[in-house]
Amino acid sequence: MEKRTLGKTGMNVTVLGYGGAEIGFRNVPVKTVDQLINMALDAGLNVIDTAECYIASEEMIGQTVAHRRNEYFLFTKCGHDTEGDHWNSKKMTAAIDRSLQRLRTDRLDLLQLHSCTEEQLRQGDVIDVVRRARDAGKTRFIGYSGDSHAALYAVESGAFDTLQISVSIADQEAVDLAVPAAHARGMGVIAKRPIANAIWAHESKPDTYYQPYWERFHKLDYDFLKGDFQQAVATALRFTLSVAGVHTAIVGTTKPGRWKENSDLLNAGALEPERFEAIHARWKAAAGPDWIGQT
């Protein structure tokens, strides 16, 4: 598994990381979580990304792999409170301590603000919360997870070490907006939803938060999505990891062994420049003004 240095953090991260959202939202049995994350670590993965609002994700990660804490970089997010009281500074501070307890660790490698608005970033209170956590030794680095112009402001503010942002064949606003700005500043860039939830494989419009991807794919009409599913996933992953400035792509799964399969799909290396440009050109030709990054 290829590794890249996550910007100025110095963390040498695998180009594929494990995303903990699905195990929480899909109520995956802890026995399955134990198997799938440990298999991924055995296969070489060294990035685990989760968030306080991913239901029981943090607890299950702590329960299953805390004993291997020195083998992976641990990222989580704060601020998106499950009770709906987002961005309350006192609750955020308490939530960070709760995340450490759930993850069964005394330190994070990266603590990220979870999709707050540009207005909230400009106000500064939420940034102060994660800065204080860093100063207290609860996290080594701080980042922003979000999209579009809020992400660009987060980059330009100079407050963060990393940016986590949507980058995929169905979500390319960041390719020309926030990622180049982050790259220029030496920030670590983490791509979320790098295969756009593989939503192109659904025959009918799904009733989910990523429904816009299904609609976009019908307009984009990529030829390479009409053939073998695994090869389509490979092209999608290779596209995301060929974006200049992207260091790791976070992929979630509920199936043991899937991370190794995804890893094997990258053996072909970076996407050919002409193929990358063709996919990006198709996006720019089809994209409407409302095709902003999906948070």
# chains A, B, ... in the order shown; residues from 1 in each chain; ligands from 1
>>> residues_around(residues="stretch 4-16 of chain A", least_positions_apart="6", cutoff="7 Å", atoms="only C-alpha atoms", output="list in words")
Leu45, Asn46, Val47, Asp161, Gly186, Met187, Gly188, Val189, His247, Thr248, Ala249, Ile250 and Val251 of chain A
>>> residues_around(residues="A:Ser157", least_positions_apart="4", cutoff="10 Å", atoms="only C-alpha atoms", output="PDB file with all heavy atoms, in the first residue's frame")
ATOM      1  N   LEU A 121     -16.961  29.597  11.259  1.00  0.00           N
ATOM      2  CA  LEU A 121     -15.502  29.657  11.240  1.00  0.00           C
ATOM      3  C   LEU A 121     -15.020  31.085  11.465  1.00  0.00           C
ATOM      4  O   LEU A 121     -14.075  31.332  12.224  1.00  0.00           O
ATOM      5  CB  LEU A 121     -14.967  29.129   9.907  1.00  0.00           C
ATOM      6  CG  LEU A 121     -15.065  27.618   9.667  1.00  0.00           C
ATOM      7  CD1 LEU A 121     -14.714  27.300   8.214  1.00  0.00           C
ATOM      8  CD2 LEU A 121     -14.146  26.868  10.607  1.00  0.00           C
ATOM      9  N   ARG A 122     -15.658  32.028  10.808  1.00  0.00           N
ATOM     10  CA  ARG A 122     -15.255  33.429  10.942  1.00  0.00           C
ATOM     11  C   ARG A 122     -15.474  33.940  12.362  1.00  0.00           C
ATOM     12  O   ARG A 122     -14.694  34.753  12.864  1.00  0.00           O
ATOM     13  CB  ARG A 122     -16.031  34.299   9.948  1.00  0.00           C
ATOM     14  CG  ARG A 122     -15.598  34.109   8.500  1.00  0.00           C
ATOM     15  CD  ARG A 122     -16.363  35.021   7.561  1.00  0.00           C
ATOM     16  NE  ARG A 122     -15.971  34.857   6.165  1.00  0.00           N
ATOM     17  CZ  ARG A 122     -14.927  35.461   5.596  1.00  0.00           C
ATOM     18  NH1 ARG A 122     -14.180  36.280   6.323  1.00  0.00           N
ATOM     19  NH2 ARG A 122     -14.635  35.261   4.332  1.00  0.00           N
ATOM     20  N   ALA A 151     -14.861  25.454   3.118  1.00  0.00           N
ATOM     21  CA  ALA A 151     -13.569  24.752   3.115  1.00  0.00           C
ATOM     22  C   ALA A 151     -12.465  25.683   2.637  1.00  0.00           C
ATOM     23  O   ALA A 151     -11.351  25.686   3.188  1.00  0.00           O
ATOM     24  CB  ALA A 151     -13.642  23.520   2.232  1.00  0.00           C
ATOM     25  N   LEU A 152     -12.740  26.464   1.619  1.00  0.00           N
ATOM     26  CA  LEU A 152     -11.737  27.401   1.125  1.00  0.00           C
ATOM     27  C   LEU A 152     -11.378  28.414   2.199  1.00  0.00           C
ATOM     28  O   LEU A 152     -10.197  28.739   2.400  1.00  0.00           O
ATOM     29  CB  LEU A 152     -12.253  28.117  -0.131  1.00  0.00           C
ATOM     30  CG  LEU A 152     -11.276  29.117  -0.758  1.00  0.00           C
ATOM     31  CD1 LEU A 152      -9.996  28.428  -1.208  1.00  0.00           C
ATOM     32  CD2 LEU A 152     -11.943  29.832  -1.934  1.00  0.00           C
ATOM     33  N   TYR A 153     -12.382  28.910   2.933  1.00  0.00           N
ATOM     34  CA  TYR A 153     -12.089  29.848   4.016  1.00  0.00           C
ATOM     35  C   TYR A 153     -11.249  29.172   5.097  1.00  0.00           C
ATOM     36  O   TYR A 153     -10.310  29.771   5.638  1.00  0.00           O
ATOM     37  CB  TYR A 153     -13.367  30.405   4.635  1.00  0.00           C
ATOM     38  CG  TYR A 153     -13.047  31.287   5.828  1.00  0.00           C
ATOM     39  CD1 TYR A 153     -12.616  32.598   5.645  1.00  0.00           C
ATOM     40  CD2 TYR A 153     -13.094  30.780   7.126  1.00  0.00           C
ATOM     41  CE1 TYR A 153     -12.264  33.392   6.720  1.00  0.00           C
ATOM     42  CE2 TYR A 153     -12.741  31.571   8.201  1.00  0.00           C
ATOM     43  CZ  TYR A 153     -12.329  32.870   7.998  1.00  0.00           C
ATOM     44  OH  TYR A 153     -11.959  33.642   9.077  1.00  0.00           O
TER      45      TYR A 153
END
>>> closest_residue(among="A:Arg258, A:Arg104, A:His280, A:His183", to="A:Leu163", atoms="only C-alpha atoms")
A:His183
>>> residues_around(residues="A:Thr76", least_positions_apart="6", cutoff="8 Å", atoms="only C-alpha atoms", output="ChimeraX atom specification")
/A:49-52,99,108,110-112
>>> select_by_dssp(residues="stretch 30-81 of chain A", states="helix (DSSP H, G or I)", output="number ranges by chain")
A: 30-42, 57-71
>>> residues_around(residues="A:Ala150", least_positions_apart="6", cutoff="10 Å", atoms="only C-alpha atoms", output="PyMOL selection string")
chain A and resi 115-122+144+156+178
>>> residues_around(residues="stretch 24-35 of chain A", least_positions_apart="5", cutoff="6 Å", atoms="only C-alpha atoms", output="PDB file with N, CA and C atoms, in the first residue's frame")
ATOM      1  N   TYR A  54     -21.238   9.557  14.586  1.00  0.00           N
ATOM      2  CA  TYR A  54     -21.456   8.319  13.832  1.00  0.00           C
ATOM      3  C   TYR A  54     -21.992   7.215  14.750  1.00  0.00           C
ATOM      4  N   ILE A  55     -22.998   7.539  15.508  1.00  0.00           N
ATOM      5  CA  ILE A  55     -23.669   6.601  16.418  1.00  0.00           C
ATOM      6  C   ILE A  55     -22.633   5.900  17.299  1.00  0.00           C
ATOM      7  N   ALA A  56     -22.469   4.590  17.170  1.00  0.00           N
ATOM      8  CA  ALA A  56     -21.562   3.844  18.059  1.00  0.00           C
ATOM      9  C   ALA A  56     -20.193   3.593  17.436  1.00  0.00           C
ATOM     10  N   SER A  57     -19.867   4.316  16.382  1.00  0.00           N
ATOM     11  CA  SER A  57     -18.609   4.059  15.666  1.00  0.00           C
ATOM     12  C   SER A  57     -17.386   4.193  16.565  1.00  0.00           C
ATOM     13  N   THR A  64     -12.468  -2.574  19.583  1.00  0.00           N
ATOM     14  CA  THR A  64     -11.863  -3.608  18.735  1.00  0.00           C
ATOM     15  C   THR A  64     -10.393  -3.413  18.411  1.00  0.00           C
TER      16      THR A  64
END
>>> closest_residue(among="A:Gly245, A:Pro273, A:Gly293, A:Gly137", to="A:Ala170", atoms="only C-alpha atoms")
A:Gly293
>>> closest_residue(among="A:Ile279, A:Ser204, A:Tyr210, A:Asn197", to="A:Tyr222", atoms="only C-alpha atoms")
A:Ile279
>>> atom_distance(atom1="atom CA of A:Gln164", atom2="atom CA of A:Pro194")
11.3 Å
>>> atom_distance(atom1="atom CA of A:Glu58", atom2="atom CA of A:Arg134")
19.3 Å
>>> closest_residue(among="A:Leu113, A:Ala236, A:Ala285, A:Val175", to="A:Ala159", atoms="only C-alpha atoms")
A:Leu113
>>> closest_residue(among="A:Asp128, A:Glu215, A:Glu173, A:Glu2", to="A:His149", atoms="only C-alpha atoms")
A:Glu173
>>> residues_around(residues="A:Trp259", least_positions_apart="6", cutoff="9 Å", atoms="only C-alpha atoms", output="list in words")
Leu16, Gly17, Tyr18, Leu36, Ile37, Met39, Ala40, Ala43, Leu45, Val251, Gly252 and Thr253 of chain A
>>> write_last_selection(atoms="C-alpha atoms", output="PDB file, in the first residue's frame")
ATOM      1  CA  LEU A  16      -6.588   4.429   1.583  1.00  0.00           C
ATOM      2  CA  GLY A  17      -7.964   4.992   5.055  1.00  0.00           C
ATOM      3  CA  TYR A  18     -10.864   3.375   6.852  1.00  0.00           C
ATOM      4  CA  LEU A  36     -13.037  -5.985   9.299  1.00  0.00           C
ATOM      5  CA  ILE A  37     -10.854  -3.337  10.981  1.00  0.00           C
ATOM      6  CA  MET A  39      -8.095  -7.372   8.771  1.00  0.00           C
ATOM      7  CA  ALA A  40      -7.525  -3.916   7.308  1.00  0.00           C
ATOM      8  CA  ALA A  43      -3.302  -5.686   5.306  1.00  0.00           C
ATOM      9  CA  LEU A  45      -3.954   0.261   6.536  1.00  0.00           C
ATOM     10  CA  VAL A 251     -13.457   4.559   2.297  1.00  0.00           C
ATOM     11  CA  GLY A 252     -16.054   2.993   4.560  1.00  0.00           C
ATOM     12  CA  THR A 253     -17.260  -0.584   4.408  1.00  0.00           C
TER      13      THR A 253
END
>>> select_by_dssp(residues="stretch 47-269 of chain A", states="strand (DSSP E)", output="ChimeraX atom specification")
/A:47-49,73-78,108-114,139-145,162-166,188-192,248-252
>>> decode(residues="stretch 195-208 of chain A", atoms="all heavy atoms", output="PDB file, in the first residue's frame")
ATOM      1  N   ILE A 195     -15.510   7.290  -3.721  1.00  0.00           N
ATOM      2  CA  ILE A 195     -16.218   6.555  -4.778  1.00  0.00           C
ATOM      3  C   ILE A 195     -17.686   6.970  -4.841  1.00  0.00           C
ATOM      4  O   ILE A 195     -18.505   6.280  -5.445  1.00  0.00           O
ATOM      5  CB  ILE A 195     -16.085   5.033  -4.610  1.00  0.00           C
ATOM      6  CG1 ILE A 195     -16.645   4.559  -3.266  1.00  0.00           C
ATOM      7  CG2 ILE A 195     -14.632   4.591  -4.762  1.00  0.00           C
ATOM      8  CD1 ILE A 195     -16.699   3.037  -3.133  1.00  0.00           C
ATOM      9  N   ALA A 196     -17.997   8.123  -4.231  1.00  0.00           N
ATOM     10  CA  ALA A 196     -19.365   8.672  -4.279  1.00  0.00           C
ATOM     11  C   ALA A 196     -20.397   7.628  -3.883  1.00  0.00           C
ATOM     12  O   ALA A 196     -21.472   7.520  -4.493  1.00  0.00           O
ATOM     13  CB  ALA A 196     -19.667   9.243  -5.663  1.00  0.00           C
ATOM     14  N   ASN A 197     -20.057   6.819  -2.873  1.00  0.00           N
ATOM     15  CA  ASN A 197     -20.951   5.785  -2.352  1.00  0.00           C
ATOM     16  C   ASN A 197     -21.335   4.738  -3.405  1.00  0.00           C
ATOM     17  O   ASN A 197     -22.309   4.007  -3.238  1.00  0.00           O
ATOM     18  CB  ASN A 197     -22.207   6.402  -1.752  1.00  0.00           C
ATOM     19  CG  ASN A 197     -21.902   7.384  -0.638  1.00  0.00           C
ATOM     20  OD1 ASN A 197     -21.739   8.584  -0.881  1.00  0.00           O
ATOM     21  ND2 ASN A 197     -21.813   6.890   0.586  1.00  0.00           N
ATOM     22  N   ALA A 198     -20.554   4.693  -4.517  1.00  0.00           N
ATOM     23  CA  ALA A 198     -20.833   3.749  -5.621  1.00  0.00           C
ATOM     24  C   ALA A 198     -22.307   3.787  -6.015  1.00  0.00           C
ATOM     25  O   ALA A 198     -22.907   2.773  -6.394  1.00  0.00           O
ATOM     26  CB  ALA A 198     -20.405   2.332  -5.239  1.00  0.00           C
ATOM     27  N   ILE A 199     -22.865   4.974  -5.968  1.00  0.00           N
ATOM     28  CA  ILE A 199     -24.300   5.115  -6.154  1.00  0.00           C
ATOM     29  C   ILE A 199     -24.723   4.903  -7.609  1.00  0.00           C
ATOM     30  O   ILE A 199     -25.906   4.709  -7.914  1.00  0.00           O
ATOM     31  CB  ILE A 199     -24.767   6.505  -5.636  1.00  0.00           C
ATOM     32  CG1 ILE A 199     -26.251   6.485  -5.278  1.00  0.00           C
ATOM     33  CG2 ILE A 199     -24.442   7.604  -6.627  1.00  0.00           C
ATOM     34  CD1 ILE A 199     -26.578   5.632  -4.092  1.00  0.00           C
ATOM     35  N   TRP A 200     -23.747   4.900  -8.531  1.00  0.00           N
ATOM     36  CA  TRP A 200     -24.067   4.654  -9.935  1.00  0.00           C
ATOM     37  C   TRP A 200     -24.644   3.256 -10.149  1.00  0.00           C
ATOM     38  O   TRP A 200     -25.315   3.009 -11.153  1.00  0.00           O
ATOM     39  CB  TRP A 200     -22.827   4.847 -10.802  1.00  0.00           C
ATOM     40  CG  TRP A 200     -21.752   3.814 -10.577  1.00  0.00           C
ATOM     41  CD1 TRP A 200     -21.699   2.554 -11.087  1.00  0.00           C
ATOM     42  CD2 TRP A 200     -20.582   3.958  -9.761  1.00  0.00           C
ATOM     43  NE1 TRP A 200     -20.575   1.898 -10.645  1.00  0.00           N
ATOM     44  CE2 TRP A 200     -19.867   2.738  -9.838  1.00  0.00           C
ATOM     45  CE3 TRP A 200     -20.057   5.004  -8.986  1.00  0.00           C
ATOM     46  CZ2 TRP A 200     -18.648   2.531  -9.167  1.00  0.00           C
ATOM     47  CZ3 TRP A 200     -18.857   4.798  -8.319  1.00  0.00           C
ATOM     48  CH2 TRP A 200     -18.166   3.578  -8.403  1.00  0.00           C
ATOM     49  N   ALA A 201     -24.367   2.347  -9.217  1.00  0.00           N
ATOM     50  CA  ALA A 201     -24.833   0.960  -9.372  1.00  0.00           C
ATOM     51  C   ALA A 201     -26.305   0.786  -9.017  1.00  0.00           C
ATOM     52  O   ALA A 201     -26.877  -0.283  -9.268  1.00  0.00           O
ATOM     53  CB  ALA A 201     -23.975   0.034  -8.512  1.00  0.00           C
ATOM     54  N   HIS A 202     -26.939   1.810  -8.443  1.00  0.00           N
ATOM     55  CA  HIS A 202     -28.361   1.718  -8.090  1.00  0.00           C
ATOM     56  C   HIS A 202     -29.229   1.956  -9.325  1.00  0.00           C
ATOM     57  O   HIS A 202     -29.048   2.944 -10.044  1.00  0.00           O
ATOM     58  CB  HIS A 202     -28.706   2.758  -7.021  1.00  0.00           C
ATOM     59  CG  HIS A 202     -28.124   2.446  -5.679  1.00  0.00           C
ATOM     60  ND1 HIS A 202     -28.872   2.446  -4.529  1.00  0.00           N
ATOM     61  CD2 HIS A 202     -26.867   2.122  -5.283  1.00  0.00           C
ATOM     62  CE1 HIS A 202     -28.101   2.143  -3.496  1.00  0.00           C
ATOM     63  NE2 HIS A 202     -26.882   1.951  -3.944  1.00  0.00           N
ATOM     64  N   GLU A 203     -30.179   1.086  -9.554  1.00  0.00           N
ATOM     65  CA  GLU A 203     -31.060   1.239 -10.716  1.00  0.00           C
ATOM     66  C   GLU A 203     -32.090   2.337 -10.518  1.00  0.00           C
ATOM     67  O   GLU A 203     -32.545   2.952 -11.479  1.00  0.00           O
ATOM     68  CB  GLU A 203     -31.753  -0.086 -11.022  1.00  0.00           C
ATOM     69  CG  GLU A 203     -30.797  -1.175 -11.503  1.00  0.00           C
ATOM     70  CD  GLU A 203     -31.526  -2.437 -11.917  1.00  0.00           C
ATOM     71  OE1 GLU A 203     -32.780  -2.427 -11.886  1.00  0.00           O
ATOM     72  OE2 GLU A 203     -30.857  -3.421 -12.283  1.00  0.00           O
ATOM     73  N   SER A 204     -32.478   2.582  -9.275  1.00  0.00           N
ATOM     74  CA  SER A 204     -33.467   3.625  -9.003  1.00  0.00           C
ATOM     75  C   SER A 204     -32.902   4.638  -8.019  1.00  0.00           C
ATOM     76  O   SER A 204     -31.934   4.343  -7.294  1.00  0.00           O
ATOM     77  CB  SER A 204     -34.754   3.012  -8.440  1.00  0.00           C
ATOM     78  OG  SER A 204     -34.488   2.291  -7.249  1.00  0.00           O
ATOM     79  N   LYS A 205     -33.500   5.809  -8.005  1.00  0.00           N
ATOM     80  CA  LYS A 205     -33.016   6.883  -7.143  1.00  0.00           C
ATOM     81  C   LYS A 205     -33.146   6.482  -5.681  1.00  0.00           C
ATOM     82  O   LYS A 205     -34.231   6.141  -5.212  1.00  0.00           O
ATOM     83  CB  LYS A 205     -33.813   8.164  -7.397  1.00  0.00           C
ATOM     84  CG  LYS A 205     -33.312   9.367  -6.600  1.00  0.00           C
ATOM     85  CD  LYS A 205     -34.191  10.586  -6.816  1.00  0.00           C
ATOM     86  CE  LYS A 205     -34.098  11.087  -8.237  1.00  0.00           C
ATOM     87  NZ  LYS A 205     -34.802  12.390  -8.382  1.00  0.00           N
ATOM     88  N   PRO A 206     -32.048   6.519  -4.931  1.00  0.00           N
ATOM     89  CA  PRO A 206     -32.103   6.109  -3.519  1.00  0.00           C
ATOM     90  C   PRO A 206     -32.690   7.207  -2.645  1.00  0.00           C
ATOM     91  O   PRO A 206     -32.582   8.392  -2.950  1.00  0.00           O
ATOM     92  CB  PRO A 206     -30.630   5.869  -3.177  1.00  0.00           C
ATOM     93  CG  PRO A 206     -29.894   6.831  -4.058  1.00  0.00           C
ATOM     94  CD  PRO A 206     -30.684   6.888  -5.344  1.00  0.00           C
ATOM     95  N   ASP A 207     -33.299   6.803  -1.563  1.00  0.00           N
ATOM     96  CA  ASP A 207     -33.849   7.756  -0.603  1.00  0.00           C
ATOM     97  C   ASP A 207     -32.825   7.972   0.506  1.00  0.00           C
ATOM     98  O   ASP A 207     -32.998   7.555   1.647  1.00  0.00           O
ATOM     99  CB  ASP A 207     -35.155   7.223  -0.018  1.00  0.00           C
ATOM    100  CG  ASP A 207     -35.814   8.228   0.919  1.00  0.00           C
ATOM    101  OD1 ASP A 207     -35.487   9.427   0.827  1.00  0.00           O
ATOM    102  OD2 ASP A 207     -36.633   7.796   1.759  1.00  0.00           O
ATOM    103  N   THR A 208     -31.713   8.624   0.139  1.00  0.00           N
ATOM    104  CA  THR A 208     -30.610   8.822   1.064  1.00  0.00           C
ATOM    105  C   THR A 208     -30.053  10.227   0.907  1.00  0.00           C
ATOM    106  O   THR A 208     -30.386  10.951  -0.036  1.00  0.00           O
ATOM    107  CB  THR A 208     -29.468   7.829   0.808  1.00  0.00           C
ATOM    108  OG1 THR A 208     -28.935   8.077  -0.503  1.00  0.00           O
ATOM    109  CG2 THR A 208     -29.948   6.391   0.888  1.00  0.00           C
TER     110      THR A 208
END
